[in-house]
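What follows is the content of entry_4.txt (compact mmCIF, C-alpha atoms and all ligand atoms).
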# COMPACT_ATOMS: atom_id res chain seq x y z
CA MET N 1 0.00 0.00 0.00
CA ARG N 2 1.39 3.40 -1.03
CA VAL N 3 0.76 6.13 1.49
CA GLY N 4 1.49 9.83 1.07
CA ILE N 5 1.72 11.80 4.31
CA VAL N 6 1.12 15.56 4.21
CA GLY N 7 1.39 18.04 7.08
CA TRP N 8 3.59 15.83 9.26
CA ARG N 9 5.66 18.76 10.55
CA GLY N 10 2.81 20.75 12.13
CA MET N 11 1.55 20.14 15.63
CA VAL N 12 -1.14 17.55 14.84
CA GLY N 13 1.17 16.04 12.22
CA THR N 14 3.99 15.70 14.74
CA VAL N 15 1.72 13.92 17.22
CA LEU N 16 0.40 11.73 14.41
CA MET N 17 3.96 10.78 13.38
CA GLN N 18 4.85 10.01 17.02
CA ARG N 19 1.86 7.68 17.29
CA LEU N 20 2.42 6.03 13.88
CA GLN N 21 6.04 5.33 14.80
CA ALA N 22 5.33 4.25 18.38
CA GLU N 23 2.82 1.69 17.10
CA GLY N 24 4.93 0.60 14.10
CA ASP N 25 2.03 1.52 11.82
CA LEU N 26 4.26 2.50 8.90
CA ASN N 27 6.01 -0.89 8.77
CA GLY N 28 5.29 -2.67 5.52
CA LEU N 29 3.92 0.45 3.83
CA SER N 30 5.50 2.41 1.02
CA VAL N 31 5.46 5.87 2.58
CA ARG N 32 6.31 9.13 0.90
CA PHE N 33 6.30 12.48 2.64
CA TYR N 34 4.91 15.66 1.11
CA SER N 35 5.22 19.29 2.11
CA THR N 36 3.81 22.60 0.94
CA SER N 37 7.06 24.38 1.86
CA ALA N 38 9.92 21.91 2.28
CA ALA N 39 9.93 19.84 -0.94
CA GLY N 40 13.41 18.56 -1.74
CA GLN N 41 14.53 18.24 1.88
CA PRO N 42 15.43 14.82 3.30
CA ALA N 43 12.50 12.60 4.32
CA PRO N 44 11.91 12.45 8.09
CA ILE N 45 12.40 8.67 8.37
CA ARG N 46 15.01 6.42 6.78
CA GLU N 47 12.49 3.81 5.68
CA ALA N 48 10.60 6.31 3.49
CA ALA N 49 10.02 5.20 -0.10
CA SER N 50 11.26 8.58 -1.32
CA GLN N 51 14.43 9.88 0.33
CA VAL N 52 13.33 13.44 -0.35
CA VAL N 53 10.17 15.26 0.62
CA LEU N 54 7.83 15.75 -2.33
CA ASP N 55 5.74 18.76 -3.32
CA ALA N 56 2.29 18.56 -1.68
CA HIS N 57 0.73 20.48 -4.59
CA ASP N 58 2.08 18.10 -7.24
CA LEU N 59 -1.19 16.38 -8.14
CA ALA N 60 0.35 13.96 -10.61
CA THR N 61 2.70 12.58 -7.95
CA LEU N 62 -0.02 12.50 -5.28
CA ALA N 63 -2.27 10.59 -7.67
CA ALA N 64 0.08 7.59 -7.48
CA GLU N 65 -0.72 7.10 -3.79
CA ASP N 66 -3.30 4.58 -2.60
CA VAL N 67 -3.82 6.62 0.56
CA ILE N 68 -3.24 10.29 1.35
CA LEU N 69 -3.05 11.00 5.06
CA THR N 70 -3.16 14.71 5.77
CA ALA N 71 -2.89 16.90 8.85
CA GLN N 72 -1.96 19.91 6.72
CA GLY N 73 -5.16 21.82 7.45
CA GLY N 74 -8.33 22.97 5.77
CA ASP N 75 -6.81 25.30 3.19
CA TYR N 76 -4.74 22.46 1.80
CA THR N 77 -7.72 20.12 1.68
CA SER N 78 -9.75 22.80 -0.14
CA ALA N 79 -6.96 23.32 -2.66
CA VAL N 80 -6.07 19.71 -3.39
CA HIS N 81 -8.87 17.25 -2.65
CA ALA N 82 -11.38 18.25 -5.34
CA PRO N 83 -8.80 18.68 -8.14
CA LEU N 84 -7.32 15.26 -7.33
CA ARG N 85 -10.75 13.64 -7.44
CA ALA N 86 -11.49 15.53 -10.66
CA MET N 87 -8.38 13.91 -12.17
CA GLY N 88 -9.95 10.54 -11.43
CA TRP N 89 -7.86 9.73 -8.35
CA ASN N 90 -9.77 7.06 -6.46
CA GLY N 91 -7.53 6.53 -3.43
CA TYR N 92 -8.37 6.91 0.25
CA TRP N 93 -8.18 10.43 1.66
CA ILE N 94 -7.72 10.49 5.45
CA ASP N 95 -7.91 13.99 6.85
CA ALA N 96 -7.87 15.88 10.16
CA ALA N 97 -9.35 19.12 8.77
CA SER N 98 -12.99 20.15 8.99
CA THR N 99 -13.36 21.04 5.28
CA LEU N 100 -14.94 17.79 4.09
CA ARG N 101 -16.66 16.69 7.32
CA MET N 102 -20.21 17.54 6.38
CA GLN N 103 -19.97 16.50 2.74
CA PRO N 104 -22.27 13.51 2.22
CA GLN N 105 -19.57 11.20 0.86
CA ALA N 106 -17.22 11.85 3.81
CA VAL N 107 -17.24 9.44 6.74
CA LEU N 108 -16.36 10.79 10.19
CA VAL N 109 -14.01 8.40 11.94
CA LEU N 110 -14.15 7.55 15.63
CA ASP N 111 -13.92 3.78 15.56
CA PRO N 112 -14.56 2.99 19.24
CA LEU N 113 -18.03 4.36 18.49
CA ASN N 114 -18.67 3.94 14.80
CA ARG N 115 -16.41 1.14 13.60
CA ALA N 116 -19.35 -0.74 12.07
CA ALA N 117 -20.41 2.37 10.14
CA ILE N 118 -16.85 2.91 8.90
CA GLU N 119 -16.58 -0.68 7.79
CA SER N 120 -19.87 -0.67 5.95
CA ALA N 121 -18.94 2.63 4.28
CA LEU N 122 -15.64 1.07 3.20
CA ALA N 123 -17.47 -1.93 1.82
CA ALA N 124 -19.79 0.43 -0.06
CA GLY N 125 -16.79 2.17 -1.65
CA ALA N 126 -16.35 5.25 0.55
CA LYS N 127 -13.00 6.97 0.00
CA ASP N 128 -12.99 10.09 2.21
CA PHE N 129 -12.45 9.55 5.94
CA VAL N 130 -12.24 12.55 8.22
CA GLY N 131 -11.49 12.99 11.92
CA ALA N 132 -14.20 14.89 13.76
CA ASN N 133 -13.92 18.04 15.84
CA CYS N 134 -11.83 17.31 18.91
CA THR N 135 -14.45 18.33 21.46
CA VAL N 136 -17.06 16.16 19.75
CA SER N 137 -14.77 13.12 19.62
CA LEU N 138 -13.76 13.47 23.26
CA MET N 139 -17.35 13.91 24.46
CA LEU N 140 -18.52 10.89 22.44
CA LEU N 141 -15.67 8.75 23.76
CA GLY N 142 -16.44 9.75 27.35
CA LEU N 143 -20.14 8.89 27.04
CA ALA N 144 -19.79 6.04 24.53
CA GLY N 145 -21.50 3.59 26.91
CA LEU N 146 -24.64 5.73 27.06
CA PHE N 147 -24.73 6.31 23.30
CA LYS N 148 -24.20 2.65 22.51
CA ALA N 149 -27.11 1.77 24.80
CA GLY N 150 -29.30 4.39 23.08
CA LEU N 151 -30.00 6.10 26.40
CA VAL N 152 -29.34 9.75 25.59
CA ASP N 153 -32.21 12.18 25.09
CA TRP N 154 -30.23 15.42 25.00
CA ILE N 155 -26.96 16.91 26.27
CA THR N 156 -25.63 20.34 27.09
CA ALA N 157 -21.85 20.55 26.86
CA MET N 158 -20.12 23.47 28.50
CA THR N 159 -16.52 23.26 27.36
CA TYR N 160 -13.17 24.32 28.75
CA GLN N 161 -10.95 24.12 25.69
CA ALA N 162 -7.17 24.22 25.67
CA ALA N 163 -4.96 26.60 23.73
CA SER N 164 -3.74 23.79 21.45
CA GLY N 165 -7.13 23.65 19.73
CA ALA N 166 -6.39 27.08 18.32
CA GLY N 167 -2.88 26.13 17.17
CA ALA N 168 0.79 26.05 18.09
CA ALA N 169 1.25 29.84 18.06
CA HIS N 170 -1.62 30.18 20.51
CA MET N 171 0.00 27.71 22.91
CA ARG N 172 3.19 29.76 22.86
CA GLU N 173 1.22 32.93 23.44
CA LEU N 174 -0.53 31.46 26.47
CA VAL N 175 2.83 30.67 28.08
CA GLU N 176 4.12 34.15 27.12
CA GLN N 177 1.08 35.65 28.82
CA MET N 178 1.71 33.59 31.96
CA GLY N 179 5.31 34.84 32.09
CA PHE N 180 4.31 38.43 31.37
CA ALA N 181 1.69 38.33 34.12
CA HIS N 182 4.12 36.94 36.65
CA ARG N 183 6.86 39.40 35.77
CA CYS N 184 4.46 42.31 36.27
CA VAL N 185 3.78 41.38 39.90
CA SER N 186 6.81 39.36 40.97
CA SER N 187 8.30 42.07 43.20
CA GLN N 188 4.96 42.66 44.94
CA LEU N 189 4.54 38.91 45.29
CA ALA N 190 7.93 38.60 46.99
CA ASP N 191 6.94 41.13 49.65
CA PRO N 192 4.58 39.54 52.20
CA SER N 193 3.41 42.97 53.33
CA VAL N 194 1.77 43.67 49.95
CA SER N 195 -1.90 42.69 50.07
CA VAL N 196 -3.27 40.21 47.59
CA LEU N 197 -5.78 42.83 46.46
CA SER N 198 -2.92 45.09 45.39
CA ILE N 199 -1.31 42.19 43.56
CA GLU N 200 -4.60 41.45 41.80
CA GLU N 201 -4.99 45.09 40.82
CA SER N 202 -1.52 45.16 39.26
CA LEU N 203 -2.11 41.84 37.58
CA ASN N 204 -5.42 42.94 36.12
CA ALA N 205 -3.81 46.13 34.79
CA ALA N 206 -1.01 44.03 33.26
CA LEU N 207 -3.47 41.70 31.55
CA LYS N 208 -5.34 44.71 30.11
CA SER N 209 -2.17 46.45 29.00
CA PRO N 210 -1.36 46.79 25.30
CA LEU N 211 2.01 45.24 26.15
CA LEU N 212 0.41 41.85 26.88
CA PRO N 213 1.32 39.41 24.08
CA ALA N 214 -2.14 38.85 22.57
CA ALA N 215 -1.68 38.79 18.79
CA GLN N 216 -3.17 35.27 18.58
CA PHE N 217 -6.00 35.30 21.10
CA GLY N 218 -6.81 38.99 20.75
CA GLY N 219 -6.92 39.36 24.54
CA PRO N 220 -5.86 37.78 27.82
CA LEU N 221 -6.29 34.03 28.26
CA ALA N 222 -3.83 33.60 31.15
CA GLY N 223 -5.64 34.57 34.33
CA SER N 224 -8.84 34.86 32.33
CA LEU N 225 -10.92 33.01 29.72
CA ILE N 226 -12.50 33.60 26.32
CA PRO N 227 -16.10 32.44 25.90
CA TRP N 228 -16.04 32.19 22.12
CA ILE N 229 -14.28 29.64 19.88
CA ASP N 230 -14.03 29.73 16.09
CA ALA N 231 -16.14 31.84 13.73
CA ASP N 232 -19.22 33.88 14.63
CA LEU N 233 -22.08 32.36 12.62
CA GLY N 234 -24.23 35.44 13.23
CA THR N 235 -26.91 33.29 14.88
CA GLY N 236 -25.63 33.70 18.41
CA GLN N 237 -23.86 30.37 18.10
CA SER N 238 -20.14 29.96 17.50
CA LYS N 239 -18.97 27.62 14.75
CA GLU N 240 -17.43 25.36 17.40
CA GLU N 241 -20.82 25.08 19.10
CA TRP N 242 -22.56 24.37 15.78
CA LYS N 243 -20.09 21.56 15.01
CA GLY N 244 -21.01 19.82 18.27
CA MET N 245 -24.50 18.79 17.25
CA VAL N 246 -24.02 18.19 13.53
CA GLU N 247 -20.82 16.18 13.84
CA ALA N 248 -21.96 14.15 16.84
CA ASN N 249 -25.12 13.15 14.99
CA LYS N 250 -23.18 12.28 11.87
CA ILE N 251 -20.89 9.98 13.87
CA LEU N 252 -23.81 8.43 15.74
CA GLY N 253 -25.70 7.89 12.49
CA SER N 254 -28.65 9.89 13.86
CA THR N 255 -28.74 12.82 11.43
CA HIS N 256 -32.30 11.86 10.40
CA ALA N 257 -33.55 12.24 14.01
CA PRO N 258 -30.84 14.33 15.59
CA LEU N 259 -29.93 14.20 19.21
CA ALA N 260 -30.09 17.73 20.67
CA LEU N 261 -26.62 18.79 21.77
CA ASP N 262 -25.53 22.33 22.45
CA GLY N 263 -23.68 24.46 24.93
CA ILE N 264 -21.13 27.22 25.28
CA CYS N 265 -17.57 26.61 24.12
CA VAL N 266 -14.98 28.41 26.21
CA ARG N 267 -11.22 28.76 25.76
CA VAL N 268 -9.31 28.38 29.02
CA GLY N 269 -5.63 28.45 29.93
CA ALA N 270 -5.00 24.71 29.61
CA MET N 271 -2.36 23.60 27.13
CA ARG N 272 -3.66 20.53 25.22
CA CYS N 273 -6.57 18.91 27.04
CA HIS N 274 -10.15 19.88 26.36
CA SER N 275 -12.60 19.45 29.25
CA GLN N 276 -16.39 19.48 29.25
CA ALA N 277 -19.04 19.82 31.93
CA LEU N 278 -22.07 17.92 30.69
CA THR N 279 -25.72 17.84 31.63
CA ILE N 280 -27.23 14.69 30.21
CA LYS N 281 -30.92 13.90 29.95
CA LEU N 282 -31.50 10.18 29.63
CA ASN N 283 -34.58 8.77 27.97
CA GLN N 284 -35.19 6.49 30.95
CA GLU N 285 -34.46 6.37 34.64
CA LEU N 286 -31.71 3.97 35.64
CA PRO N 287 -29.84 3.33 38.89
CA LEU N 288 -26.61 5.32 39.03
CA ALA N 289 -24.54 2.13 39.42
CA GLU N 290 -25.89 0.84 36.12
CA ILE N 291 -25.06 4.12 34.37
CA GLU N 292 -21.55 4.05 35.81
CA ASP N 293 -21.09 0.49 34.62
CA LEU N 294 -22.15 1.34 31.07
CA ILE N 295 -19.81 4.34 30.91
CA ALA N 296 -16.85 2.52 32.45
CA HIS N 297 -16.95 -0.51 30.16
CA ALA N 298 -17.66 1.07 26.79
CA HIS N 299 -14.08 0.79 25.43
CA PRO N 300 -10.52 0.45 26.73
CA TRP N 301 -9.71 4.19 26.95
CA VAL N 302 -12.54 5.48 29.09
CA ARG N 303 -11.98 5.63 32.85
CA LEU N 304 -14.66 6.26 35.41
CA ILE N 305 -13.37 8.50 38.20
CA ALA N 306 -15.00 8.26 41.61
CA ASN N 307 -17.12 11.31 42.30
CA ASN N 308 -15.16 12.64 45.25
CA ARG N 309 -12.87 15.56 45.83
CA GLU N 310 -9.58 13.71 46.04
CA ALA N 311 -10.03 11.66 42.86
CA SER N 312 -11.36 14.67 40.96
CA VAL N 313 -8.37 16.83 41.87
CA ARG N 314 -5.93 14.04 41.10
CA GLU N 315 -7.39 12.58 37.92
CA LEU N 316 -9.84 14.96 36.27
CA SER N 317 -7.46 17.74 35.30
CA PRO N 318 -5.93 18.69 31.96
CA VAL N 319 -2.48 18.38 33.54
CA ALA N 320 -3.17 14.79 34.67
CA VAL N 321 -4.47 13.69 31.28
CA SER N 322 -2.11 15.55 28.93
CA GLY N 323 -0.12 13.25 26.64
CA THR N 324 -2.29 10.20 27.40
CA LEU N 325 -5.05 8.38 25.53
CA THR N 326 -7.18 8.09 28.64
CA VAL N 327 -10.61 9.72 28.63
CA PRO N 328 -11.65 10.08 32.26
CA VAL N 329 -15.28 10.68 33.17
CA GLY N 330 -16.12 11.88 36.65
CA ARG N 331 -18.43 14.12 38.68
CA LEU N 332 -21.19 11.73 37.67
CA ARG N 333 -24.37 12.09 39.68
CA GLN N 334 -28.11 12.40 39.32
CA LEU N 335 -29.36 15.97 39.49
CA PRO N 336 -32.30 17.37 41.46
CA MET N 337 -34.27 17.84 38.23
CA GLY N 338 -34.93 14.09 38.33
CA PRO N 339 -33.11 10.74 38.16
CA ALA N 340 -32.89 10.92 34.37
CA TYR N 341 -30.79 14.10 34.60
CA LEU N 342 -27.06 13.55 35.10
CA SER N 343 -24.01 15.70 35.50
CA ALA N 344 -20.62 14.54 34.24
CA PHE N 345 -17.20 16.03 33.69
CA THR N 346 -14.92 14.56 31.05
CA LEU N 347 -11.70 15.50 29.36
CA GLY N 348 -9.06 14.27 26.97
CA ASP N 349 -5.93 15.17 25.06
CA GLN N 350 -7.17 17.05 22.03
CA LEU N 351 -4.07 16.26 19.98
CA LEU N 352 -4.37 12.51 20.57
CA TRP N 353 -7.97 11.22 20.60
CA GLY N 354 -9.06 14.70 19.54
CA ALA N 355 -7.01 14.69 16.33
CA ALA N 356 -4.23 12.19 15.53
CA GLU N 357 -5.49 8.91 16.98
CA PRO N 358 -8.68 8.42 14.92
CA LEU N 359 -6.64 9.00 11.72
CA ARG N 360 -3.88 6.58 12.71
CA ARG N 361 -6.51 3.97 13.49
CA MET N 362 -8.29 4.61 10.18
CA LEU N 363 -5.08 3.71 8.37
CA LYS N 364 -5.00 0.44 10.32
CA LEU N 365 -8.65 -0.23 9.51
CA LEU N 366 -7.85 0.19 5.81
CA ARG N 367 -5.03 -2.32 6.11
CA GLY N 368 -7.22 -4.72 8.05
CA THR N 369 -4.85 -4.61 11.04
CA LEU N 370 -7.05 -2.90 13.62
N1 LIG N 401 -11.76 23.82 17.07
C1 LIG N 401 -11.11 23.25 18.19
C2 LIG N 401 -10.61 24.28 19.12
C3 LIG N 401 -9.95 22.41 17.79
O1 LIG N 401 -10.47 25.43 18.70
O2 LIG N 401 -10.33 23.97 20.26
C4 LIG N 401 -10.09 21.25 16.96
O3 LIG N 401 -11.33 20.80 16.58
Could you render the structure from this file as C-alpha cells?
Amino acid sequence: MRVGIVGWRGMVGTVLMQRLQAEGDLNGLSVRFYSTSAAGQPAPIREAASQVVLDAHDLATLAAEDVILTAQGGDYTSAVHAPLRAMGWNGYWIDAASTLRMQPQAVLVLDPLNRAAIESALAAGAKDFVGANCTVSLMLLGLAGLFKAGLVDWITAMTYQAASGAGAAHMRELVEQMGFAHRCVSSQLADPSVSVLSIEESLNAALKSPLLPAAQFGGPLAGSLIPWIDADLGTGQSKEEWKGMVEANKILGSTHAPLALDGICVRVGAMRCHSQALTIKLNQELPLAEIEDLIAHAHPWVRLIANNREASVRELSPVAVSGTLTVPVGRLRQLPMGPAYLSAFTLGDQLLWGAAEPLRRMLKLLRGTL
C-alpha cells in the first residue's frame, strides 16, 4: 500500500507521526512524505520510499498514492482534494481538517463508536475519511457507553478548551502571557506585606495592558478566559458550538432524528486537554450504578473517576491527562431535576484522541490490522 503523508511537521502532524512510529504503523507500507514548503529536503524517516520530501501540490505525484493521510489543514484540503478527485484519483483520503466533514460522501471516523459504520462505508466504496472536531470526539468517547445503549435524550456541553485547539502559536502565546503576568507582579509577590488585592490590581492592569502578548487570542487568556471559539455564525452560536451537534449526529448515524446537543464553548488556559461539563438527559431512569457500569466498560480508553474531591483533583485535570489516551469521566451524579438528569465532567488530550489517533486507526482499519 502506497501512502502519502502531508502536514507531518505541524503540531497535529507531529503527534500523528509520534503515534504512527510508536505503534509501528508504517512498517510494511510504502510511505512518501509531502510538504507545501519543504519539498526537496530529506525525508523524516530512513524507511521512506522517497528519500526526499515531495511537493504537496504536485497532483500527478499525489495521484500515485493509494492513501493520502493529511494533517496539513483545511486550506490544503480545499486546494487539493477536489482537483485530485477531478483527475480521477480514487484513493483513500484520510484527513484531520474540517473542510470535508459535512460533505455527504465523507465518513467521520471515531472507531470505538462507529467502527461498524466505517466498515460498511468502506465496503460500499467510501473513500474520504475525516477525523471529527476534537471536542465532539472526546465527548462521544467519554459517554460512549450511554450512546451505545441508546440512552441519551439530550446533552448540554459546556466546554473548557485548551490553547492547542487554536494552534501552536496560541500555545506559545498562552505561556508568554503567563510569564508576562508573573513578571508584572513578581516584586509585589515577593513582599509579604503587599496585600493580595494590590497584587490582583496590578495583575489585572497588566493583563489589560497593550504590552500583553495577545496577537493570537486577541486578549488575555492567562488569568482569564475567552467564551467564544471559532467563527461567529451570526446566529448567536459559534462555529465550534454548531459543530457539536451536527458532527456528533453524523458519527452516531442519527442525522435523520438528531440528538439535541448544544452548549457554550470556552477557551481556558490549559495547554492541550479539552474538558467538558455535561448535563445529560437520559430517555429512561436507571440506577446510578448501572449508568456508571455502562460508561466505564464502553471501550478500553474510558476511565470512570469516583465522584469525590480527592479523585477529581488528582485525575480529572488537563495536567493529569495531557499526553495520554485516557478519557476520564467523573463528577457523575443524578441531578435534582430528576433521576434521568445527570451531570458529568470529562476531558481528553485534544491532539491525541481529539485529532491524531482516529486517523492513525483509520489507516490500520484500511489495512485490516485494527
Ligand atoms: N476547534 C477546536 C478548538 C480544535 O479550537 O479547540 C479542533 O477541533
Can you tell me which residues surround range 58-73 of chain N at a distance of at most 6 Å, considering all atoms listed in the file, apart from same-chain residues fewer than 6 positions away, and format the answer as a short mmCIF file (atom, residue, chain, number, x, y, z; two decimals) with C-alpha atoms, keeping the file's coordinate frame?
data_model
loop_
_atom_site.label_atom_id
_atom_site.label_comp_id
_atom_site.auth_asym_id
_atom_site.auth_seq_id
_atom_site.Cartn_x
_atom_site.Cartn_y
_atom_site.Cartn_z
CA ARG N 2 1.39 3.40 -1.03
CA VAL N 3 0.76 6.13 1.49
CA GLY N 4 1.49 9.83 1.07
CA ILE N 5 1.72 11.80 4.31
CA VAL N 6 1.12 15.56 4.21
CA GLY N 7 1.39 18.04 7.08
CA GLY N 13 1.17 16.04 12.22
CA TRP N 89 -7.86 9.73 -8.35
CA GLY N 91 -7.53 6.53 -3.43
CA TYR N 92 -8.37 6.91 0.25
CA TRP N 93 -8.18 10.43 1.66
CA ILE N 94 -7.72 10.49 5.45
CA ASP N 95 -7.91 13.99 6.85
CA ALA N 96 -7.87 15.88 10.16
CA ALA N 97 -9.35 19.12 8.77
#
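When all atoms listed in the file are used to measure the gap to ligand LIG 401 (chain N), the shortest distance among N:Asp262, N:Asp230, N:Glu357, N:Asp349 belongs to N:Asp230.
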How close does chain N get to ligand LIG 401 (chain N)? List, as a Markdown table, each residue of chain N within 8 Å, its nearest atom pair and the distance in Å to one decimal, counting all atoms listed in the file.
| residue | atom | partner | partner_atom | distance |
| --- | --- | --- | --- | --- |
| N:Ser98 | CA | N:LIG401 | O3 | 7.8 |
| N:Ala132 | CA | N:LIG401 | O3 | 7.1 |
| N:Asn133 | CA | N:LIG401 | O3 | 3.9 |
| N:Cys134 | CA | N:LIG401 | O3 | 4.2 |
| N:Thr135 | CA | N:LIG401 | O3 | 6.3 |
| N:Gln161 | CA | N:LIG401 | O2 | 5.5 |
| N:Ala162 | CA | N:LIG401 | O2 | 6.3 |
| N:Ala163 | CA | N:LIG401 | O2 | 6.9 |
| N:Ser164 | CA | N:LIG401 | O2 | 6.7 |
| N:Gly165 | CA | N:LIG401 | O2 | 3.3 |
| N:Ala166 | CA | N:LIG401 | O1 | 4.4 |
| N:Gly167 | CA | N:LIG401 | O1 | 7.8 |
| N:Ile229 | CA | N:LIG401 | O1 | 5.8 |
| N:Asp230 | CA | N:LIG401 | O1 | 6.2 |
| N:Glu240 | CA | N:LIG401 | N1 | 5.9 |
| N:Arg267 | CA | N:LIG401 | O2 | 7.3 |
| N:His274 | CA | N:LIG401 | O2 | 7.3 |
| N:Gln350 | CA | N:LIG401 | C4 | 7.2 |
| N:Gly354 | CA | N:LIG401 | C4 | 7.1 |
| N:Ala355 | CA | N:LIG401 | C4 | 7.3 |
Q.
Is it possible to get the residues within 9 Å of (8.5, 16.1, -2.1) (coordinates as in the file, counting only C-alpha atoms) written as a VMD selection string?
A. chain N and resid 32 to 36 38 to 43 50 to 56 58 61
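The closest residue to Trp353 in chain N, picked from N:Gln18, N:Asn283, N:Ser137, N:Ser238 and counting all atoms listed in the file, is N:Ser137.
Using all atoms listed in the file for every distance, the candidate list N:Ala169, N:Met245, N:Met337, N:Ala205 yields N:Ala169 as the residue closest to Met271 in chain N.
Around Leu294 in chain N, within 12 Å and counting only C-alpha atoms, the residues found are N:Gly142, N:Leu143, N:Ala144, N:Gly145, N:Leu146, N:Phe147, N:Lys148, N:Ala149, N:Gly150, N:Leu151, N:Leu286, N:Pro287, N:Leu288, N:Ala289, N:Glu290, N:Ile291, N:His297, N:Ala298, N:His299, N:Val302, N:Arg303, N:Leu304, N:Val329, once anything fewer than 3 positions away on its own chain is removed.
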Generate a file of the selected residues that holds C-alpha atoms, formatted as a short mmCIF file (atom, residue, chain, number, x, y, z; two decimals), keeping the file's coordinate frame.
data_model
loop_
_atom_site.label_atom_id
_atom_site.label_comp_id
_atom_site.auth_asym_id
_atom_site.auth_seq_id
_atom_site.Cartn_x
_atom_site.Cartn_y
_atom_site.Cartn_z
CA GLY N 142 -16.44 9.75 27.35
CA LEU N 143 -20.14 8.89 27.04
CA ALA N 144 -19.79 6.04 24.53
CA GLY N 145 -21.50 3.59 26.91
CA LEU N 146 -24.64 5.73 27.06
CA PHE N 147 -24.73 6.31 23.30
CA LYS N 148 -24.20 2.65 22.51
CA ALA N 149 -27.11 1.77 24.80
CA GLY N 150 -29.30 4.39 23.08
CA LEU N 151 -30.00 6.10 26.40
CA LEU N 286 -31.71 3.97 35.64
CA PRO N 287 -29.84 3.33 38.89
CA LEU N 288 -26.61 5.32 39.03
CA ALA N 289 -24.54 2.13 39.42
CA GLU N 290 -25.89 0.84 36.12
CA ILE N 291 -25.06 4.12 34.37
CA HIS N 297 -16.95 -0.51 30.16
CA ALA N 298 -17.66 1.07 26.79
CA HIS N 299 -14.08 0.79 25.43
CA VAL N 302 -12.54 5.48 29.09
CA ARG N 303 -11.98 5.63 32.85
CA LEU N 304 -14.66 6.26 35.41
CA VAL N 329 -15.28 10.68 33.17
#
Q. Using only C-alpha atoms, which of the listed residues (N:Gln21, N:Asn249, N:Thr14, N:Gln188) sits closest to Val107 in chain N?
A. N:Asn249
Q) Can you tell me, as a PyMOL selection string, what residues are no more than 12 Å from Ala248 in chain N when counting only C-alpha atoms, ignoring any on the same chain fewer than 4 positions away? A) chain N and resi 101-102+108-110+113-114+131-141+143-144+147+154-155+157+241-244+252-255+258-262
